[in-house]
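Accompanying notes for the structure given below.
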Amino acid sequence: MKILIVGSGGREHAIAHSASKSKRVDKIYCAPGNAGIGMIAECVPIGAMEFDRIVDFAREKEIDLTVVGMDDPLVGGLVDRLEEAGLRAFGPRKNAAILEGSKAFSKELMKKYHIPTAAYEIFDSPGDAYAYLESAEFPIVLKADGLALGKGVLICQNLEEARDGVRTIMEDKQFGTAGNRLVIEEFMTGREVSVLSFVDGAAIKTMTSAQDHKRAGDGDAGPNTGGMGTFSPSPFYTEEIDAYCRKYIYQPTVDAMAAEGREFKGIIFFGLMLTEKGPRVLEYNVRFGDPEAQVVLPRMKNDLIEVMEACIDGTLDKIDLQFEDNAAVCVVLASRGYPVSYEKGFVIHGLERFEGQDSRFCFHAGTRYSGEDIVTNGGRVLGITATGGSLGEARKNAYDATQWITFENKYMRSDIGKAIDEA
Ligand code: AMP
Ligand code: GLY
C-alpha cells in the first residue's frame with residue numbers, strides 16, 4: 001500500500017522509519033518531510049496545514065492511508081477532510097482532537113468523568129482571573145486554552161508573576177487566540193511520565209512508558225523547549241501505577257469521549273504526574289510525542305501500519321501489542337541558542353555512520369538539503385537514539401553516537417536519562 005505521512009519532525013521520521021519496515025507498505029510519501037525522511041520516503045513540498053493540497057495529492061496518488069503526525073492539522077480537522085474525500089486517515093477527527101486542542105475542554109471532561117487531575121478554574125476574562133489570584137495559593141499554574149507550541153504553560157511562584165502571566169496570555173495575546181480562555185490550575189509535584197496509547201474508539205492499548213526532558217539546560221534549567229531528549233521505559237512507572245492508571249485514567253478517558261459523542265480513534269498521549277496522592281493527568285495530546293516517539297517506536301515489535309489500521313477498523317482488541325525487553329534513549333542535538341534564537345544552514349557531518357545500524361538511529365528534525373549537503377534547518381536538528389539492554393547501556397550508546405555527528409553550534413544536554421540512576 002501507499003502511505004502519506006503529514007509532518008516534518010523527528011517524530012515523523014520515527015513514524016516513517018517504522019512504516020518502512022511494515023510488510024504492508026510499498027511506498028511512503030511525506031508532506032513536507034525533511035532531509036532524513038527523504039532517505040526513506042518521497043518528500044513533497046506541501047505544508048501540514050495546506051488541507052486542500054494534501055487531499056488533492058492523496059487522491060491523485062491514490063494514497064491508501066494518511067498518517068497525521070502533528071497536532072495542528074489534527075486539531076484543525078485534516079482527518080475529517082480526508083474522510084469526506086473518501087480517503088483513509090489515521091488520527092482523531094476534529095471533534096475528538098479537541099482533547100488536546102482545548103485545555104478547558106479536557107479539564108471539564110476529567111471533572112465530569114472523575115478522572116484524576118489537578119484542581120482548576122477556567123476564565124474567559126482577565127478581570128475574573130486577576131480577582132481569583134488574590135486569594136490563590138502559590139506556586140500556581142496558568143495554561144492558555146489552545147495550542148501554543150507547548151509554550152502556553154506558565155508556572156508562577158507568586159502573585160506578581162501570576163498577574164504578569166495573565167497579562168501575557170490573555171491581554172498581550174502572546175499565544176494568539178490560544179489565550180482567549182485561561183485555565184488556572186493547582187501546582188503539583190512528582191515525577192512526570194508519558195504514556196502513549198493506540199485507541200480504536202472503544203478499546204485502548206498502551207505503549208511502553210517514556211520520559212521527556214523539556215528544559216533547555218542540564219539539571220532542568222533554562223527555558224521550556226519542544227523536548228531535549230527522552231528515555232524509555234520509565235523506571236518510576238511501576239506495575240502498581242500502571243494498574244491504577246488503567247482503572248482510573250486510560251479506559252475512562254476513552255469511554256468519556258465516546259459518551260460525549262466524540263469517538264476517539266488514533267493516539268492518546270497521557271502526560272502524567274506521579275504525585276504522592278497517586279497519578280494525575282497533566283495533559284492529553286492526540287498524537288505521538290516528539291521526542292517520545294523516537295524512543296517508543298524503535299522498541300515496538302508490531303507492524304505499526306497494521307496497528308494503525310486496527311485503530312481505524314475498530315479491531316484493536318485483536319492486536320497483541322508488544323515491546324522489546326530493552327531500553328532506549330534519545331538525545332536531541334539542537335542549535336545553540338534554541339529555543340530563543342539560533343542560526344541555521346550549517347553543514348552536518350557524520351550522518352553516514354548511522355547507515356546499516358540497527359540499534360542506533362539518527363532521526364532528523366530540522367534538516368534540509370543544500371545541494372549535496374544536509375544542513376541544519378531548525379532549533380532541534382537531530383534526535384540521536386540508541387537501544388541497549390538497560391537504560392544505562394542505552395544512554396551510553398546514545399551519547400557515544402552523538403559524537404559521530406558534527407555541525408557548527410551543535411548543542412545538547414549532557415544529563416538525558418540521568419534520573420534513572422536514582423531509580
Ligand atoms: P503541559 O504542556 O500541560 O504538559 O505543561 C508543560 C509542563 O508544565 C509539564 O510537562 C509540567 O512540567 C508542567 N506542568 C503542567 N501542569 C502542571 C501542574 N498542574 N503542576 C505542576 N507542573 C505542571
Ligand atoms: N514531548 C512532548 C510532546 O510531544 O508534547
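Following the order of the C-alpha cells, chains are lettered A, B, ..., residues in each are numbered from 1, and ligands are numbered from 1.
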Next item on the list: From stretch 193-346 of chain A, collect each residue whose DSSP state is helix (DSSP H, G or I) and return the set as number ranges by chain.
Entry: A: 218-220, 239-259, 293-299, 304-313, 316-318
Item checked: Selection near stretch 377-383 of chain A, 6 Å with only C-alpha atoms, sequence-local residues under 2 positions removed, as number ranges by chain -> A: 330-335, 338, 344-345, 362-367
Go ahead and write the selection's residues with N, CA, C and O atoms as a PDB file, in the first residue's frame.
ATOM      1  N   CYS A 330      17.028   8.854  23.718  1.00  0.00           N
ATOM      2  CA  CYS A 330      17.168   9.782  22.588  1.00  0.00           C
ATOM      3  C   CYS A 330      17.749  11.092  23.104  1.00  0.00           C
ATOM      4  O   CYS A 330      17.202  11.687  24.032  1.00  0.00           O
ATOM      5  N   VAL A 331      18.862  11.511  22.525  1.00  0.00           N
ATOM      6  CA  VAL A 331      19.480  12.796  22.882  1.00  0.00           C
ATOM      7  C   VAL A 331      19.299  13.738  21.691  1.00  0.00           C
ATOM      8  O   VAL A 331      19.714  13.424  20.573  1.00  0.00           O
ATOM      9  N   VAL A 332      18.661  14.870  21.936  1.00  0.00           N
ATOM     10  CA  VAL A 332      18.425  15.824  20.855  1.00  0.00           C
ATOM     11  C   VAL A 332      19.669  16.682  20.642  1.00  0.00           C
ATOM     12  O   VAL A 332      20.223  17.240  21.589  1.00  0.00           O
ATOM     13  N   LEU A 333      20.120  16.736  19.391  1.00  0.00           N
ATOM     14  CA  LEU A 333      21.175  17.670  19.026  1.00  0.00           C
ATOM     15  C   LEU A 333      20.487  18.920  18.492  1.00  0.00           C
ATOM     16  O   LEU A 333      19.766  18.864  17.490  1.00  0.00           O
ATOM     17  N   ALA A 334      20.684  20.025  19.199  1.00  0.00           N
ATOM     18  CA  ALA A 334      19.992  21.271  18.856  1.00  0.00           C
ATOM     19  C   ALA A 334      20.991  22.306  18.356  1.00  0.00           C
ATOM     20  O   ALA A 334      22.206  22.090  18.390  1.00  0.00           O
ATOM     21  N   SER A 335      20.456  23.420  17.896  1.00  0.00           N
ATOM     22  CA  SER A 335      21.302  24.556  17.514  1.00  0.00           C
ATOM     23  C   SER A 335      21.489  25.422  18.755  1.00  0.00           C
ATOM     24  O   SER A 335      20.497  25.717  19.443  1.00  0.00           O
ATOM     25  N   TYR A 338      18.780  27.651  20.946  1.00  0.00           N
ATOM     26  CA  TYR A 338      17.410  27.130  20.945  1.00  0.00           C
ATOM     27  C   TYR A 338      16.904  27.103  22.381  1.00  0.00           C
ATOM     28  O   TYR A 338      17.673  26.723  23.267  1.00  0.00           O
ATOM     29  N   LYS A 344      20.725  28.925  11.413  1.00  0.00           N
ATOM     30  CA  LYS A 344      20.506  27.683  10.645  1.00  0.00           C
ATOM     31  C   LYS A 344      21.452  27.658   9.452  1.00  0.00           C
ATOM     32  O   LYS A 344      22.121  28.633   9.167  1.00  0.00           O
ATOM     33  N   GLY A 345      21.460  26.537   8.759  1.00  0.00           N
ATOM     34  CA  GLY A 345      22.186  26.468   7.488  1.00  0.00           C
ATOM     35  C   GLY A 345      23.588  25.882   7.596  1.00  0.00           C
ATOM     36  O   GLY A 345      24.355  25.938   6.637  1.00  0.00           O
ATOM     37  N   CYS A 362      19.458   7.874  13.777  1.00  0.00           N
ATOM     38  CA  CYS A 362      19.614   9.316  13.717  1.00  0.00           C
ATOM     39  C   CYS A 362      18.333   9.877  13.098  1.00  0.00           C
ATOM     40  O   CYS A 362      18.172   9.863  11.873  1.00  0.00           O
ATOM     41  N   PHE A 363      17.401  10.289  13.958  1.00  0.00           N
ATOM     42  CA  PHE A 363      16.138  10.823  13.457  1.00  0.00           C
ATOM     43  C   PHE A 363      16.293  12.321  13.199  1.00  0.00           C
ATOM     44  O   PHE A 363      16.706  13.073  14.078  1.00  0.00           O
ATOM     45  N   HIS A 364      15.954  12.717  11.980  1.00  0.00           N
ATOM     46  CA  HIS A 364      16.103  14.124  11.617  1.00  0.00           C
ATOM     47  C   HIS A 364      14.890  14.933  12.071  1.00  0.00           C
ATOM     48  O   HIS A 364      13.753  14.479  11.925  1.00  0.00           O
ATOM     49  N   ALA A 365      15.147  16.133  12.584  1.00  0.00           N
ATOM     50  CA  ALA A 365      14.055  17.048  12.936  1.00  0.00           C
ATOM     51  C   ALA A 365      14.161  18.267  12.019  1.00  0.00           C
ATOM     52  O   ALA A 365      13.451  18.362  11.026  1.00  0.00           O
ATOM     53  N   GLY A 366      15.094  19.178  12.320  1.00  0.00           N
ATOM     54  CA  GLY A 366      15.251  20.362  11.472  1.00  0.00           C
ATOM     55  C   GLY A 366      16.458  20.215  10.575  1.00  0.00           C
ATOM     56  O   GLY A 366      17.553  20.667  10.900  1.00  0.00           O
ATOM     57  N   THR A 367      16.263  19.554   9.413  1.00  0.00           N
ATOM     58  CA  THR A 367      17.350  19.425   8.436  1.00  0.00           C
ATOM     59  C   THR A 367      16.778  19.623   7.038  1.00  0.00           C
ATOM     60  O   THR A 367      15.587  19.421   6.811  1.00  0.00           O
TER      61      THR A 367
END
Report the closest atom pair, with its distance in Å rounded to one decimal, for each residue of chain A that has an atom no farther than 7 Å from ligand 2; count only C-alpha atoms and all ligand atoms, sort by chain and then rising residue number, and write it as a Markdown table.
| residue | atom | partner | partner_atom_place_in_ligand_line | distance |
| --- | --- | --- | --- | --- |
| A:Gly150 | CA | ligand 2 | 5 (O) | 6.4 |
| A:Asp212 | CA | ligand 2 | 1 (N) | 5.8 |
| A:Gly226 | CA | ligand 2 | 1 (N) | 6.0 |
| A:Gly227 | CA | ligand 2 | 1 (N) | 5.1 |
| A:Asn285 | CA | ligand 2 | 5 (O) | 6.7 |
| A:Phe288 | CA | ligand 2 | 4 (O) | 6.6 |
| A:Gly289 | CA | ligand 2 | 4 (O) | 3.3 |
| A:Asp290 | CA | ligand 2 | 4 (O) | 4.0 |
| A:Pro291 | CA | ligand 2 | 1 (N) | 5.3 |
| A:Glu292 | CA | ligand 2 | 1 (N) | 5.8 |
Saved selection, atoms kept: C-alpha atoms, as an mmCIF file, in the first residue's frame:
data_model
loop_
_atom_site.group_PDB
_atom_site.id
_atom_site.type_symbol
_atom_site.label_atom_id
_atom_site.label_comp_id
_atom_site.auth_asym_id
_atom_site.auth_seq_id
_atom_site.Cartn_x
_atom_site.Cartn_y
_atom_site.Cartn_z
ATOM 1 C CA GLY A 150 3.993 23.588 24.015
ATOM 2 C CA ASP A 212 10.822 13.697 28.266
ATOM 3 C CA GLY A 226 9.802 21.060 22.499
ATOM 4 C CA GLY A 227 11.886 18.375 24.270
ATOM 5 C CA ASN A 285 -2.083 15.054 23.484
ATOM 6 C CA PHE A 288 2.808 10.654 19.276
ATOM 7 C CA GLY A 289 5.108 12.738 21.450
ATOM 8 C CA ASP A 290 8.204 14.284 19.970
ATOM 9 C CA PRO A 291 10.790 13.061 21.039
ATOM 10 C CA GLU A 292 8.832 10.276 22.821
#
Check: Quick one: residues within 6 Å of ligand 1, with only C-alpha atoms and all ligand atoms, as an MDAnalysis selection string?
Finding: chainID A and resid 118 141 150 153 185:189 282:283
Could you make a table, as a Markdown table, of the residues of stretch 112-230 of chain A that have an atom within 10 Å of an atom of stretch 71-81 of chain A, each with its nearest atom pair and distance in Å to one decimal, counting only C-alpha atoms, in chain and number order?
| residue | atom | partner | partner_atom | distance |
| --- | --- | --- | --- | --- |
| A:Gly146 | CA | A:Val75 | CA | 9.8 |
| A:Leu147 | CA | A:Asp72 | CA | 7.6 |
| A:Ala148 | CA | A:Asp72 | CA | 9.8 |
| A:Leu149 | CA | A:Asp72 | CA | 9.2 |
Next item on the list: With a distance cut-off of 10 Å and only C-alpha atoms, select the neighbouring residues of A:Glu260, excluding the residue or stretch itself and same-chain residues fewer than 6 positions from it, and output the selection as a list in words.
Entry: Asn95, Ala96 and Leu109 of chain A
Can I get the selected residues back with C-alpha atoms, as a PDB file, in the first residue's frame?
ATOM      1  CA  ASN A  95     -14.383  16.732  17.434  1.00  0.00           C
ATOM      2  CA  ALA A  96     -12.053  14.317  19.257  1.00  0.00           C
ATOM      3  CA  LEU A 109     -14.093  16.211  30.700  1.00  0.00           C
TER       4      LEU A 109
END
Note to self: List as a list in words the protein and nucleic acid residues near A:Pro252, meaning an atom at most 12 Å away when only C-alpha atoms are counted, but skip any in the same chain fewer than 5 places from it.
What the structure shows: Leu109, Met110, Lys111, Lys112, Tyr113, His114, Ile115, Pro116, Ala202, Ala203, Ile204, Tyr244, Cys245, Arg246, Lys247, Met257, Ala258 and Ala259 of chain A
Note to self: With only C-alpha atoms as the counted atoms, please give the residues lying no more than 10 Å from stretch 168-182 of chain A, apart from itself and same-chain residues fewer than 3 positions off, as a list in words.
What the structure shows: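 Once the adjacent positions are removed, what remains is Gly101, Ser102, Lys103, Ala104, Glu121, Ile122, Phe123, Asp124, Ser125, Pro126, Gly127, Ala129, Leu142, Lys143, Ala144, Asp145, Gly146, Leu147, Ala148, Leu149, Lys151, Gly152, Val153, Leu154, Ala162, Arg163, Asp164, Gly165 and Glu185 of chain A.
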Note to self: So, with only C-alpha atoms as the atoms that count, which of A:Tyr342, A:Trp404, A:Tyr284, A:Tyr237 lies closest to A:Ser197?
What the structure shows: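 Smallest distance to A:Ser197 is found for A:Tyr284.
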Next item on the list: Once DSSP has gone over the backbone, tell me which residues of stretch 35-92 of chain A are in strand (DSSP E or B), as a PyMOL selection string.
Entry: chain A and resi 42-43+65-68+89-90
Would you export the selected residues with N, CA and C atoms as a PDB file, in the first residue's frame, please?
ATOM      1  N   GLU A  42       9.399   9.645  -0.184  1.00  0.00           N
ATOM      2  CA  GLU A  42       9.444  10.741  -1.152  1.00  0.00           C
ATOM      3  C   GLU A  42       8.786  11.964  -0.511  1.00  0.00           C
ATOM      4  N   CYS A  43       9.583  13.006  -0.287  1.00  0.00           N
ATOM      5  CA  CYS A  43       9.041  14.213   0.354  1.00  0.00           C
ATOM      6  C   CYS A  43       8.396  15.105  -0.696  1.00  0.00           C
ATOM      7  N   LEU A  65      -3.422   5.169   2.942  1.00  0.00           N
ATOM      8  CA  LEU A  65      -3.535   5.582   4.348  1.00  0.00           C
ATOM      9  C   LEU A  65      -2.700   6.842   4.571  1.00  0.00           C
ATOM     10  N   THR A  66      -3.347   7.873   5.136  1.00  0.00           N
ATOM     11  CA  THR A  66      -2.606   9.084   5.513  1.00  0.00           C
ATOM     12  C   THR A  66      -2.464   9.097   7.028  1.00  0.00           C
ATOM     13  N   VAL A  67      -1.235   9.253   7.491  1.00  0.00           N
ATOM     14  CA  VAL A  67      -0.951   9.284   8.930  1.00  0.00           C
ATOM     15  C   VAL A  67      -0.608  10.722   9.310  1.00  0.00           C
ATOM     16  N   VAL A  68      -1.446  11.314  10.143  1.00  0.00           N
ATOM     17  CA  VAL A  68      -1.208  12.711  10.521  1.00  0.00           C
ATOM     18  C   VAL A  68      -0.420  12.715  11.836  1.00  0.00           C
ATOM     19  N   ALA A  89      -7.627   7.709   6.882  1.00  0.00           N
ATOM     20  CA  ALA A  89      -6.642   8.510   7.615  1.00  0.00           C
ATOM     21  C   ALA A  89      -6.525   7.994   9.038  1.00  0.00           C
ATOM     22  N   PHE A  90      -5.303   8.088   9.575  1.00  0.00           N
ATOM     23  CA  PHE A  90      -5.065   7.695  10.968  1.00  0.00           C
ATOM     24  C   PHE A  90      -4.915   8.948  11.812  1.00  0.00           C
TER      25      PHE A  90
END
Checklist line | Separation of atom CA of A:Leu99 from atom CA of A:Gly86 in Å | finding: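 Separation of atom CA of A:Gly86 and atom CA of A:Leu99: 24.7 Å.
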Check: Could you pull the residues within 8 Å of A:Pro45, counting only C-alpha atoms, minus those fewer than 3 positions along the same chain, as a list of chain:residue names?
Finding: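 Surrounding residues, per the criterion: A:Ala31, A:Pro32, A:Gly33.
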